[in-house]
Amino acid sequence: MVQRTQELKTLQTIYESAGNQIVLLSGHGRCEKEDLILAFCKDKKHFYYRGKNASKELQLSFLKEEVEKTYEVKLMKNSYDECFTRIKSGDATKLVVVIDEFQNIVKKDKSFFESILNLKNRRLYPGPVMVILANSSLPWTRSVMDEFLGEAAQNIDQVMELKEFSFLDVVRAFPKYDLPDAVALYGIVGGCPAYLNAWDKNKSIRDNVCDLILNPKGALFSEAEDFIGLELRELSVYDTILYAMAMGNEKLNDLYQTTGYSRAKISVYLKNLAAFDVIEKVISFETGGWDNTKKGIYRIKNPFLHFWFRFVYANQSALYALSPQAFYDTYIKEELHEYLSSYFVKVCREYVELLNMIGKTPIRITSMGTWIGKEGTIDVIGRSMEDEYVVGICNWKKEKLTFEDYQNLLYNMKQAKLHAKVTYLFSATTFEQRLMELEKEESTVVLVDMKEL
């Protein structure tokens with residue numbers, strides 16, 4: 001099972017600090033924040049309540065019932081203040097109060113957060129307390145939460161957004177997988193905790209895809225529609241746009257030509273998808289060669305949805321006409337390797353980030369990205385505060401990385417108007433002999449193969 005050890009350490013540090021705290025814990029609906037909360041609260045005095053989609057009157061009655069049941073008390077007043085007055089740890093131990101899906105409460109009743117502040121400020125409960133406000137609505141947290149909380153939001157001591165697991169986390173969790181299989185897993189389900197924990201580490205990539213995604217009884221068979229439906233409506237429109245993007249349409253005009261929707265409508269839907277971390281606007285890393293870059297590029301950010309709309313969405317009839325294995329061999333097998341190319345770039349970028357973290361890069365990298373030119377791409381760019389650069393190209397598909405590929409990189413660097421202190425050449429296969437000789441001659445050229453990765 002993949003676990004959030006770093007987040008656990010952060011919560012524990014906050015718990016052990018003096019005074020009372022409010023922590024905002026957010027993530028999308030598949031981040032498994034509940035498992036993190038459960039692991040953190042283990043062996044601690046705590047009270048847990050999960051907000052429901054209910055009227056403010058019914059919500060309050062549910063919380064009162066939870067307090068009465070947990071502490072064997074009878075509440076006489078009809079207020080959140082009274083609820084939090086009756087909670088207790090039983091000794092001087094800090095009490096952890098978890099309000100999960102708290103957005104369901106505060107959207108209907110702003111007095112709830114006022115009571116939370118009273119709780120923090122010892123107006124309701126004398127003992128030390130740590131309040132965790134958790135929610136799984138990223139768009140709400142990022143864009144409209146402050147409208148509901150107002151200036152009171154400044155009283156939140158720590159904001160934690162639960163990110164996807166990194167490729168390194170995936171490698172550690174699946175030690176039996178070699179690098180190609182680990183990249184395949186990462187390119188199919190990404191770093192989503194729920195998906196990774198559903199994956200059988202003792203089965204092959206093909207068997208897991210067949211069992212979980214292509215089998216109508218599989219745990220992830222309906223996940224694409226379910227995930228989009230968590231926050232969004234008009235699924236037919238979103239599905240149409242995502243399918244067009246999965247087929248390689250990256251610019252607004254391309255999506256307009258493919259879908260038939262107006263540019264204004266597409267822009268609105270893209271904004272909604274971006275707020276939900278489904279797609280992203282890819283902005284080329286800013287260098288002196290800004291005029292030579294492509295602009296207005298949109299790509300699917302969520303790997304599982306990318307995989308689903310690339311291979312499954314248009315062929316759903318065959319899911320019922322064929323066995324999962326036959327479907328995989330017919331629609332996925334031959335094209336999966338090429339599909340994974342962009343995810344290998346992410347793996348290589350993470351490798352450079354790790355080198356930077358342990359001080360093994362020639363510069364102290366403060367920002368990273370990709371340069372997308374009109375004639376070519378620089379897969380990895382890292383820049384320091386002093387405007388020094390490292391760059392990299394990533395070969396996943398070709399039989400070997402060639403000297404010509406290196407020359408193309410140099411041309412793209414000229415277009416981007418930058419010079420690099422080190423050039424990383426990544427290859428999932430091999431390198432042309434001339435490149436291996438170049439590495440011996442030039443200390444600024446570094447070859448990174450599968451073994452090193």
# chains A, B, ... in the order shown; residues from 1 in each chain; ligands from 1
>>> select_by_dssp(residues="range 48-271 of chain A", states="alpha helix (DSSP H)", output="ChimeraX atom specification")
/A:56-71,80-85,103-106,111-120,138-139,145-149,167-173,179-189,193-198,205-208,223-229,235-246,252-259,263-271
>>> residues_around(residues="range 182-195 of chain A", least_positions_apart="6", cutoff="8 Å", atoms="only C-alpha atoms", output="PyMOL selection string")
chain A and resi 2-3+30-32+164-167+170-171+174+205+220+302-304+306-307+340+343-344+347
>>> write_last_selection(atoms="N, CA and C atoms", output="PDB file, in the first residue's frame")
ATOM      1  N   VAL A   2       0.559   2.213  -0.859  1.00  0.00           N
ATOM      2  CA  VAL A   2       1.309   3.455  -0.940  1.00  0.00           C
ATOM      3  C   VAL A   2       0.809   4.393   0.154  1.00  0.00           C
ATOM      4  N   GLN A   3       1.731   4.918   0.945  1.00  0.00           N
ATOM      5  CA  GLN A   3       1.341   5.750   2.080  1.00  0.00           C
ATOM      6  C   GLN A   3       1.988   7.126   1.992  1.00  0.00           C
ATOM      7  N   ARG A  30      -9.940  11.247  -5.116  1.00  0.00           N
ATOM      8  CA  ARG A  30      -9.250   9.955  -5.121  1.00  0.00           C
ATOM      9  C   ARG A  30      -7.896  10.032  -4.409  1.00  0.00           C
ATOM     10  N   CYS A  31      -7.710  11.084  -3.595  1.00  0.00           N
ATOM     11  CA  CYS A  31      -6.421  11.269  -2.928  1.00  0.00           C
ATOM     12  C   CYS A  31      -6.289  10.430  -1.665  1.00  0.00           C
ATOM     13  N   GLU A  32      -7.389   9.799  -1.230  1.00  0.00           N
ATOM     14  CA  GLU A  32      -7.409   8.945  -0.039  1.00  0.00           C
ATOM     15  C   GLU A  32      -6.960   9.702   1.212  1.00  0.00           C
ATOM     16  N   GLU A 164      -0.379  14.190  -6.032  1.00  0.00           N
ATOM     17  CA  GLU A 164      -0.191  12.834  -6.530  1.00  0.00           C
ATOM     18  C   GLU A 164       1.182  12.321  -6.096  1.00  0.00           C
ATOM     19  N   PHE A 165       1.338  11.016  -5.996  1.00  0.00           N
ATOM     20  CA  PHE A 165       2.639  10.456  -5.676  1.00  0.00           C
ATOM     21  C   PHE A 165       3.590  10.642  -6.853  1.00  0.00           C
ATOM     22  N   SER A 166       4.883  10.745  -6.546  1.00  0.00           N
ATOM     23  CA  SER A 166       5.900  10.910  -7.580  1.00  0.00           C
ATOM     24  C   SER A 166       6.226   9.566  -8.224  1.00  0.00           C
ATOM     25  N   PHE A 167       7.000   9.625  -9.305  1.00  0.00           N
ATOM     26  CA  PHE A 167       7.433   8.388  -9.950  1.00  0.00           C
ATOM     27  C   PHE A 167       8.312   7.572  -8.999  1.00  0.00           C
ATOM     28  N   VAL A 170       6.226   5.552  -6.847  1.00  0.00           N
ATOM     29  CA  VAL A 170       5.687   4.412  -7.592  1.00  0.00           C
ATOM     30  C   VAL A 170       6.727   3.296  -7.680  1.00  0.00           C
ATOM     31  N   VAL A 171       7.957   3.654  -7.974  1.00  0.00           N
ATOM     32  CA  VAL A 171       9.033   2.661  -8.068  1.00  0.00           C
ATOM     33  C   VAL A 171       9.217   1.932  -6.741  1.00  0.00           C
ATOM     34  N   PHE A 174       6.373  -0.548  -6.074  1.00  0.00           N
ATOM     35  CA  PHE A 174       6.288  -1.705  -6.978  1.00  0.00           C
ATOM     36  C   PHE A 174       7.698  -2.193  -7.316  1.00  0.00           C
ATOM     37  N   ILE A 205       1.448  -5.499 -16.259  1.00  0.00           N
ATOM     38  CA  ILE A 205       0.700  -4.319 -16.682  1.00  0.00           C
ATOM     39  C   ILE A 205      -0.546  -4.742 -17.452  1.00  0.00           C
ATOM     40  N   LEU A 220     -11.958  -0.048 -11.801  1.00  0.00           N
ATOM     41  CA  LEU A 220     -11.764   1.232 -12.479  1.00  0.00           C
ATOM     42  C   LEU A 220     -12.500   1.315 -13.818  1.00  0.00           C
ATOM     43  N   ASN A 302      -4.326  14.577 -16.186  1.00  0.00           N
ATOM     44  CA  ASN A 302      -4.656  13.378 -15.423  1.00  0.00           C
ATOM     45  C   ASN A 302      -4.324  12.133 -16.249  1.00  0.00           C
ATOM     46  N   PRO A 303      -3.320  11.332 -15.845  1.00  0.00           N
ATOM     47  CA  PRO A 303      -2.897  10.193 -16.666  1.00  0.00           C
ATOM     48  C   PRO A 303      -3.997   9.165 -16.912  1.00  0.00           C
ATOM     49  N   PHE A 304      -4.803   8.880 -15.885  1.00  0.00           N
ATOM     50  CA  PHE A 304      -5.835   7.860 -16.081  1.00  0.00           C
ATOM     51  C   PHE A 304      -6.849   8.306 -17.134  1.00  0.00           C
ATOM     52  N   HIS A 306      -6.304  10.488 -19.459  1.00  0.00           N
ATOM     53  CA  HIS A 306      -5.572  10.505 -20.731  1.00  0.00           C
ATOM     54  C   HIS A 306      -5.584   9.108 -21.351  1.00  0.00           C
ATOM     55  N   PHE A 307      -5.269   8.107 -20.554  1.00  0.00           N
ATOM     56  CA  PHE A 307      -5.254   6.725 -21.042  1.00  0.00           C
ATOM     57  C   PHE A 307      -6.649   6.293 -21.509  1.00  0.00           C
ATOM     58  N   LEU A 340       3.455   6.349 -24.040  1.00  0.00           N
ATOM     59  CA  LEU A 340       4.202   6.534 -22.787  1.00  0.00           C
ATOM     60  C   LEU A 340       5.357   7.521 -22.926  1.00  0.00           C
ATOM     61  N   TYR A 343       5.322  10.538 -20.692  1.00  0.00           N
ATOM     62  CA  TYR A 343       5.495  10.218 -19.278  1.00  0.00           C
ATOM     63  C   TYR A 343       6.953   9.896 -18.958  1.00  0.00           C
ATOM     64  N   PHE A 344       7.692   9.408 -19.936  1.00  0.00           N
ATOM     65  CA  PHE A 344       9.127   9.214 -19.736  1.00  0.00           C
ATOM     66  C   PHE A 344       9.810  10.562 -19.546  1.00  0.00           C
ATOM     67  N   VAL A 347       9.449  11.464 -16.018  1.00  0.00           N
ATOM     68  CA  VAL A 347      10.371  10.669 -15.203  1.00  0.00           C
ATOM     69  C   VAL A 347      11.765  11.288 -15.236  1.00  0.00           C
TER      70      VAL A 347
END
>>> residues_around(residues="Thr330 in chain A", least_positions_apart="6", cutoff="12 Å", atoms="only C-alpha atoms", output="PyMOL selection string")
chain A and resi 311-312+315+318-319+322-324+336
>>> write_last_selection(atoms="N, CA, C and O atoms", output="PDB file, in the first residue's frame")
ATOM      1  N   PHE A 311      -7.421   5.374 -25.480  1.00  0.00           N
ATOM      2  CA  PHE A 311      -7.525   3.989 -25.920  1.00  0.00           C
ATOM      3  C   PHE A 311      -8.917   3.366 -25.787  1.00  0.00           C
ATOM      4  O   PHE A 311      -9.255   2.455 -26.544  1.00  0.00           O
ATOM      5  N   VAL A 312      -9.707   3.833 -24.837  1.00  0.00           N
ATOM      6  CA  VAL A 312     -10.934   3.109 -24.508  1.00  0.00           C
ATOM      7  C   VAL A 312     -12.201   3.828 -24.949  1.00  0.00           C
ATOM      8  O   VAL A 312     -13.132   3.204 -25.475  1.00  0.00           O
ATOM      9  N   ASN A 315     -13.838   3.169 -28.225  1.00  0.00           N
ATOM     10  CA  ASN A 315     -13.976   1.740 -28.524  1.00  0.00           C
ATOM     11  C   ASN A 315     -14.788   0.984 -27.468  1.00  0.00           C
ATOM     12  O   ASN A 315     -14.618  -0.222 -27.292  1.00  0.00           O
ATOM     13  N   ALA A 318     -16.585  -2.337 -28.085  1.00  0.00           N
ATOM     14  CA  ALA A 318     -15.760  -3.543 -28.123  1.00  0.00           C
ATOM     15  C   ALA A 318     -15.482  -4.098 -26.734  1.00  0.00           C
ATOM     16  O   ALA A 318     -15.119  -5.275 -26.593  1.00  0.00           O
ATOM     17  N   LEU A 319     -15.654  -3.271 -25.688  1.00  0.00           N
ATOM     18  CA  LEU A 319     -15.453  -3.771 -24.328  1.00  0.00           C
ATOM     19  C   LEU A 319     -16.429  -4.900 -24.011  1.00  0.00           C
ATOM     20  O   LEU A 319     -16.137  -5.788 -23.209  1.00  0.00           O
ATOM     21  N   LEU A 322     -15.695  -7.984 -26.975  1.00  0.00           N
ATOM     22  CA  LEU A 322     -14.445  -8.732 -26.866  1.00  0.00           C
ATOM     23  C   LEU A 322     -14.128  -9.029 -25.403  1.00  0.00           C
ATOM     24  O   LEU A 322     -14.647  -8.368 -24.495  1.00  0.00           O
ATOM     25  N   SER A 323     -13.267  -9.981 -25.198  1.00  0.00           N
ATOM     26  CA  SER A 323     -12.739 -10.205 -23.852  1.00  0.00           C
ATOM     27  C   SER A 323     -11.782  -9.065 -23.532  1.00  0.00           C
ATOM     28  O   SER A 323     -11.249  -8.415 -24.446  1.00  0.00           O
ATOM     29  N   PRO A 324     -11.533  -8.753 -22.248  1.00  0.00           N
ATOM     30  CA  PRO A 324     -10.570  -7.699 -21.911  1.00  0.00           C
ATOM     31  C   PRO A 324      -9.208  -7.936 -22.562  1.00  0.00           C
ATOM     32  O   PRO A 324      -8.565  -6.985 -23.035  1.00  0.00           O
ATOM     33  N   LEU A 336       0.679   1.564 -27.086  1.00  0.00           N
ATOM     34  CA  LEU A 336       0.958   1.966 -25.708  1.00  0.00           C
ATOM     35  C   LEU A 336       2.368   2.535 -25.568  1.00  0.00           C
ATOM     36  O   LEU A 336       2.573   3.532 -24.869  1.00  0.00           O
TER      37      LEU A 336
END
>>> atom_distance(atom1="CA of Glu432 in chain A", atom2="CA of Leu401 in chain A")
6.0 Å
>>> residues_around(residues="Ile266 in chain A", least_positions_apart="3", cutoff="12 Å", atoms="only C-alpha atoms", output="VMD selection string")
chain A and resid 237 to 242 244 to 245 251 to 263 269 to 273 298
>>> select_by_dssp(residues="range 201-309 of chain A", states="strand (DSSP E or B)", output="ChimeraX atom specification")
/A:251,279-282,293,297-300
>>> residues_around(residues="Glu68 in chain A", least_positions_apart="2", cutoff="12 Å", atoms="only C-alpha atoms", output="mmCIF file with N, CA, C and O atoms, in the first residue's frame")
data_model
loop_
_atom_site.group_PDB
_atom_site.id
_atom_site.type_symbol
_atom_site.label_atom_id
_atom_site.label_comp_id
_atom_site.auth_asym_id
_atom_site.auth_seq_id
_atom_site.Cartn_x
_atom_site.Cartn_y
_atom_site.Cartn_z
ATOM 1 N N PHE A 47 -11.857 13.346 17.652
ATOM 2 C CA PHE A 47 -13.282 13.339 17.307
ATOM 3 C C PHE A 47 -13.383 13.538 15.800
ATOM 4 O O PHE A 47 -12.759 14.439 15.238
ATOM 5 N N SER A 61 -27.975 18.859 13.229
ATOM 6 C CA SER A 61 -28.547 17.759 14.018
ATOM 7 C C SER A 61 -27.681 16.505 13.912
ATOM 8 O O SER A 61 -27.516 15.774 14.892
ATOM 9 N N PHE A 62 -27.100 16.278 12.745
ATOM 10 C CA PHE A 62 -26.197 15.129 12.584
ATOM 11 C C PHE A 62 -24.960 15.278 13.464
ATOM 12 O O PHE A 62 -24.505 14.324 14.102
ATOM 13 N N LEU A 63 -24.383 16.483 13.485
ATOM 14 C CA LEU A 63 -23.192 16.708 14.309
ATOM 15 C C LEU A 63 -23.534 16.559 15.790
ATOM 16 O O LEU A 63 -22.760 15.967 16.561
ATOM 17 N N LYS A 64 -24.684 17.076 16.190
ATOM 18 C CA LYS A 64 -25.103 16.940 17.600
ATOM 19 C C LYS A 64 -25.214 15.462 17.982
ATOM 20 O O LYS A 64 -24.753 15.049 19.045
ATOM 21 N N GLU A 65 -25.819 14.682 17.104
ATOM 22 C CA GLU A 65 -25.961 13.251 17.380
ATOM 23 C C GLU A 65 -24.603 12.568 17.512
ATOM 24 O O GLU A 65 -24.411 11.695 18.364
ATOM 25 N N GLU A 66 -23.643 12.989 16.674
ATOM 26 C CA GLU A 66 -22.303 12.392 16.733
ATOM 27 C C GLU A 66 -21.612 12.735 18.051
ATOM 28 O O GLU A 66 -20.947 11.886 18.651
ATOM 29 N N THR A 70 -20.666 9.997 20.868
ATOM 30 C CA THR A 70 -19.244 9.809 21.177
ATOM 31 C C THR A 70 -18.951 10.058 22.651
ATOM 32 O O THR A 70 -18.189 9.304 23.280
ATOM 33 N N TYR A 71 -19.573 11.091 23.226
ATOM 34 C CA TYR A 71 -19.226 11.497 24.594
ATOM 35 C C TYR A 71 -20.320 11.196 25.619
ATOM 36 O O TYR A 71 -20.193 11.563 26.785
ATOM 37 N N GLU A 72 -21.386 10.533 25.164
ATOM 38 C CA GLU A 72 -22.478 10.124 26.055
ATOM 39 C C GLU A 72 -23.020 11.314 26.845
ATOM 40 O O GLU A 72 -23.070 11.314 28.078
ATOM 41 N N VAL A 73 -23.384 12.357 26.104
ATOM 42 C CA VAL A 73 -23.935 13.570 26.705
ATOM 43 C C VAL A 73 -25.250 13.900 26.001
ATOM 44 O O VAL A 73 -25.575 13.331 24.955
ATOM 45 N N LYS A 74 -25.971 14.835 26.571
ATOM 46 C CA LYS A 74 -27.213 15.315 25.973
ATOM 47 C C LYS A 74 -27.084 16.808 25.722
ATOM 48 O O LYS A 74 -26.840 17.592 26.643
ATOM 49 N N LEU A 75 -27.205 17.217 24.466
ATOM 50 C CA LEU A 75 -27.077 18.620 24.105
ATOM 51 C C LEU A 75 -28.448 19.282 24.116
ATOM 52 O O LEU A 75 -29.398 18.766 23.526
ATOM 53 N N MET A 76 -28.528 20.422 24.764
ATOM 54 C CA MET A 76 -29.815 21.105 24.924
ATOM 55 C C MET A 76 -29.976 22.268 23.946
ATOM 56 O O MET A 76 -31.080 22.597 23.555
ATOM 57 N N GLU A 82 -22.231 24.835 21.135
ATOM 58 C CA GLU A 82 -22.486 23.838 22.177
ATOM 59 C C GLU A 82 -21.853 22.496 21.816
ATOM 60 O O GLU A 82 -21.309 21.804 22.680
ATOM 61 N N CYS A 83 -21.901 22.134 20.537
ATOM 62 C CA CYS A 83 -21.279 20.867 20.116
ATOM 63 C C CYS A 83 -19.806 20.829 20.502
ATOM 64 O O CYS A 83 -19.309 19.847 21.069
ATOM 65 N N PHE A 84 -19.100 21.911 20.216
ATOM 66 C CA PHE A 84 -17.670 21.932 20.476
ATOM 67 C C PHE A 84 -17.347 22.188 21.948
ATOM 68 O O PHE A 84 -16.219 21.961 22.384
ATOM 69 N N THR A 85 -18.336 22.627 22.708
ATOM 70 C CA THR A 85 -18.133 22.781 24.153
ATOM 71 C C THR A 85 -18.078 21.429 24.845
ATOM 72 O O THR A 85 -17.402 21.265 25.865
ATOM 73 N N ARG A 86 -18.765 20.444 24.278
ATOM 74 C CA ARG A 86 -18.906 19.159 24.961
ATOM 75 C C ARG A 86 -17.876 18.110 24.534
ATOM 76 O O ARG A 86 -17.892 16.994 25.045
ATOM 77 N N ILE A 87 -17.039 18.430 23.568
ATOM 78 C CA ILE A 87 -15.993 17.475 23.193
ATOM 79 C C ILE A 87 -14.892 17.504 24.241
ATOM 80 O O ILE A 87 -14.741 18.484 24.981
ATOM 81 N N LYS A 88 -14.121 16.462 24.337
ATOM 82 C CA LYS A 88 -13.076 16.417 25.375
ATOM 83 C C LYS A 88 -12.095 15.289 25.074
ATOM 84 O O LYS A 88 -12.399 14.330 24.362
#
>>> residues_around(residues="range 433-448 of chain A", least_positions_apart="2", cutoff="6 Å", atoms="only C-alpha atoms", output="PyMOL selection string")
chain A and resi 403+422-426+452
>>> write_last_selection(atoms="all heavy atoms", output="tab-separated table (two decimals), in the first residue's frame")
chain	number	residue	atom	x	y	z
A	403	PHE	N	23.55	11.02	-32.52
A	403	PHE	CA	24.26	12.31	-32.53
A	403	PHE	C	23.40	13.37	-33.22
A	403	PHE	O	23.44	14.55	-32.86
A	403	PHE	CB	25.61	12.17	-33.23
A	403	PHE	CG	26.48	13.38	-33.09
A	403	PHE	CD1	27.18	13.62	-31.93
A	403	PHE	CD2	26.60	14.29	-34.14
A	403	PHE	CE1	27.99	14.74	-31.79
A	403	PHE	CE2	27.39	15.42	-34.02
A	403	PHE	CZ	28.09	15.64	-32.84
A	422	VAL	N	25.21	22.04	-18.36
A	422	VAL	CA	25.22	20.58	-18.54
A	422	VAL	C	24.05	20.20	-19.43
A	422	VAL	O	22.94	20.74	-19.30
A	422	VAL	CB	25.13	19.83	-17.20
A	422	VAL	CG1	24.78	18.37	-17.43
A	422	VAL	CG2	26.46	19.90	-16.46
A	423	THR	N	24.29	19.26	-20.33
A	423	THR	CA	23.24	18.71	-21.19
A	423	THR	C	23.06	17.24	-20.83
A	423	THR	O	24.00	16.45	-20.95
A	423	THR	CB	23.62	18.84	-22.67
A	423	THR	OG1	23.80	20.22	-22.99
A	423	THR	CG2	22.53	18.25	-23.55
A	424	TYR	N	21.85	16.90	-20.38
A	424	TYR	CA	21.54	15.51	-20.05
A	424	TYR	C	20.87	14.85	-21.25
A	424	TYR	O	19.89	15.36	-21.80
A	424	TYR	CB	20.59	15.44	-18.85
A	424	TYR	CG	21.20	15.95	-17.56
A	424	TYR	CD1	20.92	17.23	-17.09
A	424	TYR	CD2	22.03	15.14	-16.79
A	424	TYR	CE1	21.47	17.70	-15.91
A	424	TYR	CE2	22.59	15.60	-15.61
A	424	TYR	CZ	22.31	16.88	-15.17
A	424	TYR	OH	22.85	17.34	-13.99
A	425	LEU	N	21.41	13.70	-21.64
A	425	LEU	CA	20.83	12.92	-22.72
A	425	LEU	C	20.26	11.63	-22.12
A	425	LEU	O	21.02	10.76	-21.69
A	425	LEU	CB	21.88	12.59	-23.79
A	425	LEU	CG	22.66	13.79	-24.36
A	425	LEU	CD1	23.65	13.32	-25.41
A	425	LEU	CD2	21.70	14.83	-24.94
A	426	PHE	N	18.94	11.54	-22.07
A	426	PHE	CA	18.27	10.39	-21.48
A	426	PHE	C	17.83	9.44	-22.58
A	426	PHE	O	17.29	9.86	-23.60
A	426	PHE	CB	17.02	10.82	-20.70
A	426	PHE	CG	17.30	11.70	-19.51
A	426	PHE	CD1	17.26	13.09	-19.63
A	426	PHE	CD2	17.57	11.15	-18.28
A	426	PHE	CE1	17.50	13.90	-18.54
A	426	PHE	CE2	17.81	11.95	-17.18
A	426	PHE	CZ	17.79	13.33	-17.31
A	452	GLU	N	20.83	3.81	-14.80
A	452	GLU	CA	21.04	4.98	-13.96
A	452	GLU	C	19.71	5.50	-13.42
A	452	GLU	O	19.59	5.88	-12.27
A	452	GLU	CB	21.74	6.08	-14.76
A	452	GLU	CG	21.98	7.37	-14.00
A	452	GLU	CD	22.99	7.22	-12.88
A	452	GLU	OE1	23.78	6.24	-12.90
A	452	GLU	OE2	22.99	8.06	-11.96
>>> closest_residue(among="A:Glu101, A:Glu114, A:Asp157, A:Glu375", to="Ile14 in chain A", atoms="only C-alpha atoms")
A:Asp157
>>> closest_atom_pairs(of="range 345-424 of chain A", to="range 274-291 of chain A", cutoff="12 Å", atoms="only C-alpha atoms", output="tab-separated table")
residue	atom	partner	partner_atom	distance
A:Ser367	CA	A:Phe285	CA	9.2
A:Met368	CA	A:Phe285	CA	7.6
A:Gly369	CA	A:Phe285	CA	5.5
A:Thr370	CA	A:Phe285	CA	5.5
A:Trp371	CA	A:Ser284	CA	4.7
A:Ile372	CA	A:Ser284	CA	5.3
A:Gly373	CA	A:Ser284	CA	7.9
A:Lys374	CA	A:Asp291	CA	9.2
A:Glu375	CA	A:Asp291	CA	11.9
A:Gly376	CA	A:Ser284	CA	11.7
A:Thr377	CA	A:Ser284	CA	9.4
A:Ile378	CA	A:Phe285	CA	9.4
A:Asp379	CA	A:Phe285	CA	10.2
A:Val380	CA	A:Phe285	CA	9.4
A:Ile381	CA	A:Phe285	CA	7.5
A:Gly382	CA	A:Phe285	CA	9.2
A:Arg383	CA	A:Phe285	CA	9.7
A:Asp387	CA	A:Thr287	CA	9.5
A:Glu388	CA	A:Thr287	CA	11.0
A:Tyr389	CA	A:Thr287	CA	10.2
A:Val391	CA	A:Phe285	CA	11.4
A:Tyr411	CA	A:Gly289	CA	11.9
A:Asn412	CA	A:Gly289	CA	9.6
A:Met413	CA	A:Gly289	CA	8.8
A:Lys414	CA	A:Gly289	CA	8.1
A:Gln415	CA	A:Gly289	CA	5.8
A:Ala416	CA	A:Gly289	CA	4.0
A:Lys417	CA	A:Gly289	CA	5.1
A:Leu418	CA	A:Thr287	CA	7.0
A:His419	CA	A:Thr287	CA	10.4
>>> write_last_selection(atoms="N, CA and C atoms", output="CSV table (one decimal), in the first residue's frame")
chain,number,residue,atom,x,y,z
A,367,SER,N,13.8,26.7,-10.9
A,367,SER,CA,12.6,26.5,-11.7
A,367,SER,C,12.8,25.5,-12.8
A,368,MET,N,11.8,24.7,-13.2
A,368,MET,CA,12.0,23.7,-14.3
A,368,MET,C,10.8,23.7,-15.2
A,369,GLY,N,11.0,23.3,-16.4
A,369,GLY,CA,9.9,23.2,-17.3
A,369,GLY,C,10.3,22.6,-18.6
A,370,THR,N,9.5,22.8,-19.7
A,370,THR,CA,9.8,22.3,-21.0
A,370,THR,C,9.7,23.5,-22.0
A,371,TRP,N,10.6,23.5,-22.9
A,371,TRP,CA,10.5,24.6,-24.0
A,371,TRP,C,9.9,23.9,-25.2
A,372,ILE,N,8.7,24.5,-25.6
A,372,ILE,CA,8.0,24.0,-26.8
A,372,ILE,C,8.1,24.9,-27.9
A,373,GLY,N,9.0,24.6,-28.8
A,373,GLY,CA,9.3,25.5,-30.0
A,373,GLY,C,8.4,25.2,-31.2
A,374,LYS,N,8.4,26.1,-32.1
A,374,LYS,CA,7.7,25.9,-33.3
A,374,LYS,C,8.3,24.8,-34.2
A,375,GLU,N,9.6,24.6,-34.0
A,375,GLU,CA,10.3,23.6,-34.8
A,375,GLU,C,10.8,22.4,-34.0
A,376,GLY,N,10.7,22.5,-32.7
A,376,GLY,CA,11.2,21.4,-31.9
A,376,GLY,C,11.0,21.6,-30.4
A,377,THR,N,11.4,20.7,-29.6
A,377,THR,CA,11.1,20.8,-28.1
A,377,THR,C,12.4,20.5,-27.3
A,378,ILE,N,12.6,21.2,-26.3
A,378,ILE,CA,13.6,20.9,-25.3
A,378,ILE,C,12.9,20.3,-24.1
A,379,ASP,N,13.0,19.0,-23.9
A,379,ASP,CA,12.2,18.2,-22.9
A,379,ASP,C,12.3,18.7,-21.5
A,380,VAL,N,13.6,19.0,-21.1
A,380,VAL,CA,13.8,19.4,-19.7
A,380,VAL,C,14.7,20.6,-19.7
A,381,ILE,N,14.3,21.6,-19.0
A,381,ILE,CA,15.1,22.9,-18.8
A,381,ILE,C,15.0,23.2,-17.3
A,382,GLY,N,16.2,23.4,-16.7
A,382,GLY,CA,16.3,23.9,-15.3
A,382,GLY,C,17.1,25.2,-15.3
A,383,ARG,N,16.6,26.1,-14.5
A,383,ARG,CA,17.2,27.4,-14.4
A,383,ARG,C,17.5,27.8,-13.0
A,387,ASP,N,20.2,32.8,-13.7
A,387,ASP,CA,19.9,32.5,-15.1
A,387,ASP,C,20.9,31.6,-15.8
A,388,GLU,N,21.4,30.6,-15.1
A,388,GLU,CA,22.2,29.6,-15.7
A,388,GLU,C,21.3,28.4,-15.9
A,389,TYR,N,21.6,27.5,-16.9
A,389,TYR,CA,20.7,26.5,-17.3
A,389,TYR,C,21.3,25.1,-17.4
A,391,VAL,N,19.9,21.5,-19.5
A,391,VAL,CA,18.8,21.0,-20.4
A,391,VAL,C,18.9,19.5,-20.6
A,411,TYR,N,20.3,22.9,-31.8
A,411,TYR,CA,19.5,23.9,-32.7
A,411,TYR,C,18.4,24.5,-31.9
A,412,ASN,N,17.7,23.6,-31.2
A,412,ASN,CA,16.5,24.1,-30.4
A,412,ASN,C,17.0,25.1,-29.3
A,413,MET,N,18.2,24.8,-28.7
A,413,MET,CA,18.7,25.7,-27.7
A,413,MET,C,19.0,27.1,-28.3
A,414,LYS,N,19.5,27.0,-29.6
A,414,LYS,CA,19.8,28.3,-30.2
A,414,LYS,C,18.5,29.1,-30.5
A,415,GLN,N,17.4,28.3,-30.9
A,415,GLN,CA,16.1,29.0,-31.0
A,415,GLN,C,15.6,29.5,-29.7
A,416,ALA,N,15.9,28.8,-28.6
A,416,ALA,CA,15.4,29.3,-27.3
A,416,ALA,C,16.3,30.3,-26.7
A,417,LYS,N,17.5,30.6,-27.4
A,417,LYS,CA,18.5,31.6,-27.0
A,417,LYS,C,19.0,31.3,-25.6
A,418,LEU,N,19.5,30.1,-25.4
A,418,LEU,CA,20.1,29.8,-24.1
A,418,LEU,C,21.3,28.9,-24.3
A,419,HIS,N,22.2,28.9,-23.3
A,419,HIS,CA,23.3,28.0,-23.2
A,419,HIS,C,23.2,27.2,-21.9
